[in-house]
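Student: So that you have it, the file is structure.txt, and it contains compact mmCIF, C-alpha atoms:
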```txt
# COMPACT_ATOMS: atom_id res chain seq x y z
CA MET A 1 172.21 4.01 -88.82
CA THR A 2 170.02 5.13 -85.97
CA ASN A 3 166.48 6.29 -86.60
CA GLU A 4 167.54 9.96 -86.40
CA GLU A 5 170.34 9.51 -88.91
CA LEU A 6 168.00 7.58 -91.17
CA LYS A 7 165.48 10.38 -90.95
CA ILE A 8 168.00 12.98 -92.05
CA LYS A 9 169.25 10.78 -94.87
CA LEU A 10 165.76 10.02 -96.15
CA SER A 11 164.70 13.67 -96.04
CA GLU A 12 167.71 14.54 -98.21
CA LEU A 13 166.84 11.79 -100.62
CA LEU A 14 163.18 12.63 -100.99
CA PRO A 15 161.70 15.77 -99.49
CA ALA A 16 158.14 14.69 -100.26
CA ILE A 17 157.95 12.06 -97.51
CA SER A 18 156.65 12.70 -94.02
CA PHE A 19 157.46 10.88 -90.80
CA GLU A 20 155.36 9.35 -88.08
CA GLU A 21 156.73 9.43 -84.55
CA GLY A 22 156.39 7.18 -81.57
CA GLY A 23 157.16 3.65 -82.72
CA GLN A 24 160.10 1.33 -82.35
CA TRP A 25 160.89 1.82 -86.01
CA LEU A 26 161.00 4.85 -88.20
CA ASN A 27 157.67 5.23 -89.99
CA ILE A 28 157.59 7.08 -93.26
CA ILE A 29 154.52 8.06 -95.23
CA ILE A 30 154.76 8.39 -98.95
CA ASP A 31 152.43 9.14 -101.80
CA SER A 32 151.52 5.99 -103.70
CA LYS A 33 152.51 7.54 -107.05
CA GLU A 34 156.09 8.09 -105.84
CA TRP A 35 156.40 4.72 -104.17
CA LEU A 36 158.16 2.86 -106.98
CA SER A 37 161.01 5.33 -107.49
CA PHE A 38 161.37 5.70 -103.74
CA ALA A 39 161.50 1.92 -103.28
CA ASN A 40 164.21 1.74 -105.90
CA SER A 41 166.35 4.26 -104.05
CA LEU A 42 165.76 2.49 -100.74
CA ARG A 43 167.06 -0.71 -102.26
CA ASN A 44 169.96 0.68 -104.30
CA TYR A 45 171.32 3.63 -102.34
CA PRO A 46 174.49 2.14 -100.76
CA GLU A 47 174.07 3.82 -97.37
CA LEU A 48 170.50 2.57 -97.10
CA SER A 49 170.53 -0.74 -99.04
CA PHE A 50 167.24 -2.08 -97.73
CA ASP A 51 167.57 -5.55 -99.19
CA TYR A 52 165.07 -7.41 -97.04
CA LEU A 53 161.31 -6.91 -97.20
CA PHE A 54 160.15 -8.79 -94.12
CA CYS A 55 156.51 -7.81 -94.10
CA LEU A 56 154.12 -6.51 -96.70
CA THR A 57 150.54 -5.97 -95.70
CA CYS A 58 147.52 -3.73 -95.94
CA VAL A 59 145.21 -2.09 -93.40
CA ASP A 60 141.58 -1.22 -93.98
CA TRP A 61 140.71 2.02 -92.17
CA LYS A 62 137.15 2.07 -93.60
CA THR A 63 137.85 5.51 -95.11
CA HIS A 64 140.94 4.43 -96.98
CA LEU A 65 143.46 1.61 -97.28
CA THR A 66 147.08 1.79 -96.16
CA MET A 67 149.82 -0.31 -97.66
CA VAL A 68 152.55 -1.14 -95.11
CA TYR A 69 156.04 -2.27 -96.07
CA HIS A 70 158.56 -3.34 -93.41
CA LEU A 71 162.09 -3.11 -94.72
CA GLU A 72 165.42 -4.07 -93.21
CA SER A 73 169.00 -3.85 -94.36
CA THR A 74 170.90 -7.04 -93.65
CA GLN A 75 174.12 -5.06 -94.06
CA HIS A 76 173.43 -2.06 -91.82
CA ARG A 77 170.75 -3.71 -89.65
CA HIS A 78 168.42 -0.75 -89.79
CA VAL A 79 164.68 -0.96 -90.25
CA ILE A 80 162.03 1.33 -91.64
CA VAL A 81 158.30 1.04 -92.14
CA ALA A 82 156.95 2.62 -95.29
CA LYS A 83 153.25 3.44 -95.48
CA SER A 84 151.19 4.59 -98.39
CA LYS A 85 147.57 5.67 -98.44
CA LEU A 86 145.33 4.23 -101.14
CA ASP A 87 141.90 5.14 -102.45
CA ARG A 88 139.45 2.58 -101.11
CA ASN A 89 137.28 2.50 -104.23
CA ASN A 90 140.12 2.10 -106.67
CA PRO A 91 143.22 0.92 -104.79
CA GLU A 92 146.22 0.86 -107.09
CA ILE A 93 149.95 0.88 -106.40
CA GLU A 94 153.05 -0.09 -108.34
CA THR A 95 154.40 -3.57 -107.64
CA VAL A 96 157.80 -3.95 -106.00
CA SER A 97 158.13 -7.64 -106.83
CA HIS A 98 161.06 -6.96 -109.17
CA ILE A 99 162.91 -5.15 -106.38
CA TRP A 100 162.14 -7.61 -103.57
CA LYS A 101 161.18 -10.99 -105.01
CA THR A 102 159.26 -11.96 -101.87
CA ALA A 103 156.75 -9.22 -102.64
CA GLU A 104 155.34 -11.29 -105.47
CA PHE A 105 153.49 -13.67 -103.12
CA HIS A 106 152.72 -11.04 -100.51
CA GLU A 107 151.18 -8.79 -103.10
CA ARG A 108 149.06 -11.65 -104.38
CA GLU A 109 147.82 -12.18 -100.83
CA VAL A 110 146.99 -8.50 -100.38
CA TYR A 111 145.29 -8.60 -103.78
CA GLU A 112 142.98 -11.47 -102.82
CA LEU A 113 142.22 -10.24 -99.29
CA PHE A 114 141.94 -6.47 -99.85
CA GLY A 115 141.50 -6.13 -103.61
CA VAL A 116 144.53 -3.89 -104.09
CA LYS A 117 145.62 -3.83 -107.70
CA PHE A 118 149.41 -4.03 -108.11
CA LEU A 119 150.37 -2.41 -111.38
CA ASN A 120 152.86 -4.36 -113.52
CA HIS A 121 152.75 -7.38 -111.22
CA PRO A 122 153.92 -10.44 -113.24
CA ASP A 123 151.25 -12.87 -111.99
CA LEU A 124 148.41 -11.18 -110.13
CA ARG A 125 145.90 -13.91 -109.22
CA LEU A 126 144.49 -15.58 -106.10
CA LEU A 127 147.09 -17.09 -103.77
CA ILE A 128 145.26 -19.11 -101.09
CA LEU A 129 141.54 -18.51 -101.57
CA PRO A 130 139.82 -21.07 -103.79
CA ASP A 131 138.34 -20.31 -107.20
CA GLY A 132 135.34 -18.03 -107.19
CA TRP A 133 136.73 -15.58 -104.65
CA GLU A 134 138.06 -13.10 -107.19
CA GLY A 135 137.21 -9.53 -106.24
CA LYS A 136 135.50 -10.40 -102.96
CA SER A 137 138.21 -8.99 -100.64
CA PRO A 138 137.20 -10.85 -97.45
CA LEU A 139 139.53 -8.94 -95.11
CA ARG A 140 137.84 -5.61 -95.76
CA LYS A 141 135.81 -4.36 -92.82
CA ASP A 142 132.56 -4.20 -94.77
CA PHE A 143 132.84 -7.71 -96.21
CA GLU A 144 129.62 -9.69 -95.93
CA ASP A 145 129.15 -13.41 -96.47
CA PRO A 146 125.72 -14.54 -95.26
CA VAL A 147 126.50 -18.22 -95.99
CA ASN A 148 129.74 -18.68 -94.05
CA MET A 149 129.71 -15.78 -91.65
CA ILE A 150 127.91 -15.35 -88.32
CA ARG A 151 127.85 -11.67 -87.36
CA LEU A 152 128.24 -10.69 -83.73
CA MET B 153 151.49 -38.65 -63.73
CA ASP B 154 148.33 -40.69 -63.47
CA VAL B 155 145.35 -39.45 -65.39
CA THR B 156 143.02 -42.19 -64.30
CA PRO B 157 144.82 -44.55 -61.93
CA ASP B 158 142.17 -47.26 -62.22
CA ILE B 159 142.88 -47.84 -65.90
CA LYS B 160 145.68 -50.28 -65.05
CA ASN B 161 143.22 -52.50 -63.25
CA ASP B 162 140.63 -52.41 -66.00
CA PRO B 163 139.53 -56.05 -65.98
CA PHE B 164 139.31 -58.43 -68.87
CA PRO B 165 135.66 -58.67 -69.91
CA GLY B 166 134.89 -62.21 -68.77
CA GLU B 167 135.00 -64.65 -65.91
CA VAL B 168 137.25 -67.58 -65.18
CA HIS B 169 135.37 -70.59 -63.81
CA SER B 170 137.69 -72.88 -61.89
CA THR B 171 137.58 -76.57 -62.73
CA PRO B 172 139.69 -79.40 -61.30
CA THR B 173 141.91 -79.45 -64.40
CA GLY B 174 142.40 -75.71 -64.72
CA GLY B 175 139.82 -73.13 -65.72
CA VAL B 176 137.17 -72.23 -68.26
CA LEU B 177 136.91 -68.70 -69.54
CA VAL B 178 133.41 -67.44 -70.13
CA THR B 179 132.98 -64.22 -72.10
CA ALA B 180 131.18 -62.59 -75.01
CA LEU B 181 133.09 -62.29 -78.27
CA ASP B 182 131.96 -58.70 -78.91
CA ASP B 183 133.32 -57.64 -75.53
CA VAL B 184 136.67 -59.27 -76.19
CA ILE B 185 136.91 -57.66 -79.61
CA ASN B 186 136.09 -54.22 -78.18
CA TRP B 187 138.53 -54.78 -75.34
CA ALA B 188 141.29 -55.69 -77.77
CA ARG B 189 140.54 -52.83 -80.13
CA SER B 190 140.41 -50.23 -77.39
CA ASN B 191 143.89 -51.08 -76.18
CA SER B 192 145.60 -50.61 -79.51
CA LEU B 193 144.40 -47.42 -81.15
CA TRP B 194 146.66 -45.89 -83.75
CA PRO B 195 146.14 -42.19 -84.27
CA LEU B 196 146.48 -40.49 -87.63
CA VAL B 197 149.15 -37.84 -88.02
CA PHE B 198 146.78 -34.95 -88.58
CA GLY B 199 147.12 -31.48 -87.13
CA THR B 200 145.99 -28.18 -88.56
CA SER B 201 147.15 -25.65 -85.97
CA CYS B 202 148.36 -25.04 -82.42
CA CYS B 203 146.48 -28.05 -80.94
CA ALA B 204 148.85 -30.17 -83.00
CA ILE B 205 151.74 -28.88 -80.88
CA GLU B 206 149.98 -30.12 -77.75
CA MET B 207 149.24 -33.40 -79.53
CA MET B 208 152.94 -33.82 -80.35
CA SER B 209 153.76 -33.07 -76.74
CA THR B 210 151.29 -35.76 -75.64
CA ALA B 211 152.97 -38.22 -77.96
CA SER B 212 156.48 -37.46 -76.76
CA ALA B 213 158.41 -38.59 -73.70
CA LYS B 214 156.91 -36.52 -70.89
CA TYR B 215 153.27 -37.47 -71.42
CA ASP B 216 153.79 -40.48 -73.70
CA TRP B 217 150.41 -41.71 -74.89
CA SER B 218 151.95 -45.08 -75.77
CA ARG B 219 151.39 -45.97 -72.12
CA PHE B 220 147.69 -46.22 -72.91
CA GLY B 221 147.98 -48.07 -76.21
CA PHE B 222 148.24 -45.21 -78.67
CA GLU B 223 151.59 -46.60 -79.73
CA VAL B 224 152.41 -45.15 -83.09
CA ALA B 225 150.93 -42.28 -85.03
CA ARG B 226 150.42 -43.37 -88.60
CA ALA B 227 151.04 -41.08 -91.53
CA THR B 228 148.47 -42.81 -93.70
CA PRO B 229 144.74 -42.97 -92.95
CA ARG B 230 144.64 -46.58 -94.16
CA GLN B 231 146.59 -47.74 -91.10
CA ALA B 232 144.97 -45.43 -88.55
CA ASP B 233 142.10 -46.18 -86.16
CA VAL B 234 141.50 -42.78 -84.63
CA ILE B 235 141.72 -39.31 -86.07
CA ILE B 236 142.42 -36.49 -83.63
CA ILE B 237 141.19 -33.28 -85.22
CA ALA B 238 143.88 -31.07 -83.72
CA GLY B 239 143.15 -27.58 -84.90
CA THR B 240 140.96 -25.27 -86.91
CA ILE B 241 139.12 -26.75 -89.88
CA VAL B 242 138.62 -24.20 -92.62
CA ASN B 243 136.25 -24.55 -95.55
CA LYS B 244 139.13 -25.38 -97.83
CA MET B 245 140.32 -28.15 -95.49
CA ALA B 246 136.86 -29.70 -94.94
CA PRO B 247 136.81 -31.90 -98.08
CA ILE B 248 140.33 -33.11 -97.28
CA LEU B 249 139.29 -34.06 -93.75
CA LYS B 250 136.26 -35.89 -95.14
CA ARG B 251 138.43 -37.78 -97.59
CA LEU B 252 140.92 -38.77 -94.88
CA TYR B 253 138.06 -40.04 -92.73
CA ASP B 254 136.60 -42.00 -95.65
CA GLN B 255 139.98 -43.57 -96.36
CA MET B 256 140.38 -44.87 -92.80
CA ALA B 257 139.55 -48.53 -92.39
CA ASP B 258 136.69 -49.58 -90.08
CA PRO B 259 136.46 -49.43 -87.14
CA LYS B 260 137.36 -45.77 -86.90
CA TYR B 261 136.94 -43.15 -84.20
CA VAL B 262 137.12 -39.38 -84.09
CA ILE B 263 138.28 -37.00 -81.36
CA ALA B 264 137.63 -33.27 -81.75
CA MET B 265 140.45 -31.56 -79.90
CA GLY B 266 140.05 -27.99 -78.71
CA ALA B 267 137.60 -25.15 -79.23
CA CYS B 268 138.13 -24.82 -83.00
CA ALA B 269 137.37 -28.45 -83.75
CA THR B 270 134.32 -28.57 -81.47
CA SER B 271 132.62 -25.32 -82.46
CA GLY B 272 134.89 -23.01 -84.42
CA GLY B 273 135.95 -21.54 -81.09
CA PRO B 274 137.50 -18.09 -81.38
CA PHE B 275 136.60 -18.11 -85.07
CA PHE B 276 132.88 -18.63 -84.56
CA TYR B 277 131.87 -15.03 -85.23
CA ASN B 278 132.83 -12.76 -88.11
CA THR B 279 134.89 -15.33 -89.99
CA TYR B 280 134.34 -16.22 -93.60
CA SER B 281 136.56 -19.30 -93.75
CA VAL B 282 136.17 -21.50 -90.65
CA VAL B 283 133.93 -24.56 -90.28
CA LYS B 284 131.92 -24.05 -87.09
CA GLY B 285 132.68 -27.44 -85.60
CA ALA B 286 134.29 -30.42 -87.30
CA ASP B 287 131.14 -32.46 -86.63
CA HIS B 288 129.61 -30.66 -89.62
CA VAL B 289 132.01 -32.74 -91.70
CA ILE B 290 132.54 -36.07 -89.89
CA PRO B 291 130.92 -37.69 -86.82
CA VAL B 292 132.80 -37.04 -83.56
CA ASP B 293 133.01 -39.40 -80.57
CA VAL B 294 134.83 -37.33 -77.96
CA TYR B 295 135.10 -33.55 -77.63
CA ILE B 296 137.85 -31.82 -75.66
CA ALA B 297 137.47 -28.28 -74.33
CA GLY B 298 140.43 -25.92 -74.23
CA CYS B 299 142.34 -23.56 -76.44
CA PRO B 300 144.52 -25.51 -76.77
CA PRO B 301 143.78 -28.32 -74.29
CA ARG B 302 146.66 -29.48 -72.11
CA PRO B 303 148.19 -32.90 -72.80
CA GLU B 304 146.43 -34.25 -69.70
CA ALA B 305 143.10 -33.29 -71.27
CA LEU B 306 143.99 -35.10 -74.49
CA LEU B 307 145.05 -38.19 -72.53
CA HIS B 308 141.77 -38.05 -70.65
CA ALA B 309 139.89 -37.86 -73.94
CA LEU B 310 141.80 -40.81 -75.34
CA ILE B 311 141.01 -42.87 -72.25
CA THR B 312 137.37 -41.76 -72.46
CA LEU B 313 137.36 -43.01 -76.04
CA GLN B 314 138.72 -46.36 -74.85
CA LYS B 315 135.93 -46.58 -72.30
CA LYS B 316 133.34 -45.75 -74.96
CA ILE B 317 134.69 -48.47 -77.22
CA LYS B 318 134.58 -51.00 -74.38
CA MET B 319 131.00 -50.01 -73.64
CA GLY B 320 130.13 -50.18 -77.32
CA ILE B 321 128.79 -46.62 -77.54
CA THR B 322 131.00 -44.92 -80.13
CA ARG B 323 129.20 -43.40 -83.09
CA GLU B 324 130.24 -46.19 -85.39
CA GLN B 325 129.24 -48.99 -83.03
CA ILE B 326 125.81 -47.44 -82.50
CA ARG B 327 125.38 -46.98 -86.25
CA ASN B 328 126.30 -50.61 -86.96
CA GLU B 329 123.94 -51.84 -84.27
CA SER B 330 121.02 -49.91 -85.69
CA LYS B 331 121.89 -51.23 -89.15
CA ASP B 332 121.78 -54.79 -87.81
CA GLU B 333 118.42 -54.15 -86.20
CA LEU B 334 117.00 -52.79 -89.42
CA SER B 335 118.16 -55.79 -91.42
CA GLN B 336 116.57 -58.27 -88.99
```
Starting from the file, give its structure as structure tokens.
Tutor:
Amino acid sequence: MTNEELKIKLSELLPAISFEEGGQWLNIIIDSKEWLSFANSLRNYPELSFDYLFCLTCVDWKTHLTMVYHLESTQHRHVIVAKSKLDRNNPEIETVSHIWKTAEFHEREVYELFGVKFLNHPDLRLLILPDGWEGKSPLRKDFEDPVNMIRL
Amino acid sequence: MDVTPDIKNDPFPGEVHSTPTGGVLVTALDDVINWARSNSLWPLVFGTSCCAIEMMSTASAKYDWSRFGFEVARATPRQADVIIIAGTIVNKMAPILKRLYDQMADPKYVIAMGACATSGGPFFYNTYSVVKGADHVIPVDVYIAGCPPRPEALLHALITLQKKIKMGITREQIRNESKDELSQ
């Protein structure tokens, strides 16, 4: 499907989403509370069948966090980018690791670097950072580490 | 491609005195040992980021560091003479680098390749995880600038290391000398 067709299809499926224009891929913005059910339909709806999560990351905008999911369908070869705004003080979103298995590691990475809590994640602990880095979220813009970090 | 053309004519450290029956070679044992060591340095297979790609290129056919005696890269520190720190050293990697260095047999030499290994490079500011120069962890003999350095630069560094060994001014040689002086 082309981006326009995708847009029409997705609006039928879930009226609550909004779109962001101007990129190579179709950007959709969704409320974090609706993310899980929406992710399920993205994966299972035959005309969409987004079966490949090729990037899962987070952006710190200082005022809020944004979760970003890049999804592709290996069958239809179409791509969307799903974004979801999170509260910076208490970032929580449902895990999608049971829908796309690869999300399990990616979510652990986002958890250790941004402190996003993934609800119902099977194994939410540090991925790469060594012990003692729990809850420090070093990729947040306001992260300070006077021992290891030289500020410019 | 000649990096330093004169390297081929680098003379044996000694003199041959002609006698009617042949010749007598006069030399100093330390010089001969250094000369021999410098011409057969085995690097350790150790690369932590993009500099390692340039290092592999230097090892392969086009640049071919075997021409200068760096024959075979060894996958174990126990058989390696020189460690080329090819890439960023992060805090988590630092103890591993130290252990690898400690496991190498004497005499051992260290080359810091590229900006990351010499100073932290592009990761000097605002980074929580990068060691700001590998010489915080192990002593370094030769530093190479570049991000990443070209293979020619690495070859030049390797030849510079050879020259340092021949002159007896690598970190380890200086350290051993001062130890000997102290014990006298």
Student: Which residues, written as a ChimeraX atom specification, have at least one atom at most 7 Å from B:Ser201, with only C-alpha atoms counted and residues fewer than 6 positions away on the same chain left out?
Tutor: /B:238-240
Student: Near A:Tyr45, within 12 Å and counting all atoms listed in the file, which residues show up once chain neighbours fewer than 6 positions away are dropped, as a PyMOL selection string?
Tutor: chain A and resi 9-10+13+37-39+51+73
Student: Check which residues of chain B sit at most 8 Å from chain A using all atoms listed in the file, and return one row each with the closest pair of atoms and their distance in Å to one decimal, ordered by chain and rising number, as JSON lines.
Tutor:
```
{"residue": "B:Lys244", "atom": "CA", "partner": "A:Pro130", "partner_atom": "CA", "distance": 7.4}
{"residue": "B:Phe276", "atom": "CA", "partner": "A:Ile150", "partner_atom": "CA", "distance": 7.0}
{"residue": "B:Tyr277", "atom": "CA", "partner": "A:Ile150", "partner_atom": "CA", "distance": 5.0}
{"residue": "B:Asn278", "atom": "CA", "partner": "A:Arg151", "partner_atom": "CA", "distance": 5.2}
{"residue": "B:Thr279", "atom": "CA", "partner": "A:Met149", "partner_atom": "CA", "distance": 5.5}
{"residue": "B:Tyr280", "atom": "CA", "partner": "A:Met149", "partner_atom": "CA", "distance": 5.0}
{"residue": "B:Ser281", "atom": "CA", "partner": "A:Asn148", "partner_atom": "CA", "distance": 6.9}
{"residue": "B:Val282", "atom": "CA", "partner": "A:Asn148", "partner_atom": "CA", "distance": 7.8}
```
Student: Residues around (147.0, -41.2, -85.7), cut-off 6 Å, counting all atoms listed in the file - what are they as a VMD selection string?
Tutor: chain B and resid 194 to 197 225 to 226 232 234 to 235
Student: Got time to write the residues from that selection, C-alpha atoms, as a PDB file, in the frame of the given file?
Tutor:
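Produced file again.pdb, reproduced below:
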```pdb
ATOM      1  CA  TRP B 194     146.660 -45.890 -83.750  1.00  0.00           C
ATOM      2  CA  PRO B 195     146.140 -42.190 -84.270  1.00  0.00           C
ATOM      3  CA  LEU B 196     146.480 -40.490 -87.630  1.00  0.00           C
ATOM      4  CA  VAL B 197     149.150 -37.840 -88.020  1.00  0.00           C
ATOM      5  CA  ALA B 225     150.930 -42.280 -85.030  1.00  0.00           C
ATOM      6  CA  ARG B 226     150.420 -43.370 -88.600  1.00  0.00           C
ATOM      7  CA  ALA B 232     144.970 -45.430 -88.550  1.00  0.00           C
ATOM      8  CA  VAL B 234     141.500 -42.780 -84.630  1.00  0.00           C
ATOM      9  CA  ILE B 235     141.720 -39.310 -86.070  1.00  0.00           C
TER      10      ILE B 235
END
```
Student: Could you name the residues that touch A:Tyr52 at 6 Å or less, counting all atoms listed in the file, but leaving out those on the same chain fewer than 2 positions away, as a list in words?
Tutor: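 Within the cut-off, the hits are Phe50, Phe54, Leu71, Glu72 and Ser73 of chain A.
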Student: What is the distance between atom CA of B:Ala305 and atom CA of B:Asp216, in Å to one decimal?
Tutor: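 Rounded to one decimal, the two atoms are 13.1 Å apart.
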Student: When you count only C-alpha atoms, which of these residues is closest to B:His308: B:Ile263, B:His169, B:Arg323, B:Val289?
Tutor: B:Ile263
Student: Need to verify the contact set: B:Pro259, 10 Å, all atoms listed in the file, exclusion of same-chain residues closer than 2 positions in sequence. Can you return it as a PyMOL selection string?
Tutor: chain B and resi 189+232-234+256-257+261+322+324-325
Student: Between atom CA of B:His288 and atom CA of B:Leu252, what is the distance, to one decimal in Å?
Tutor: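 Separation between atom CA of B:His288 and atom CA of B:Leu252: 14.9 Å.
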Student: Go ahead and compute the interatomic distance for atom CA of A:Asn120 and atom CA of A:Trp133, in Å to one decimal.
Tutor: 21.6 Å
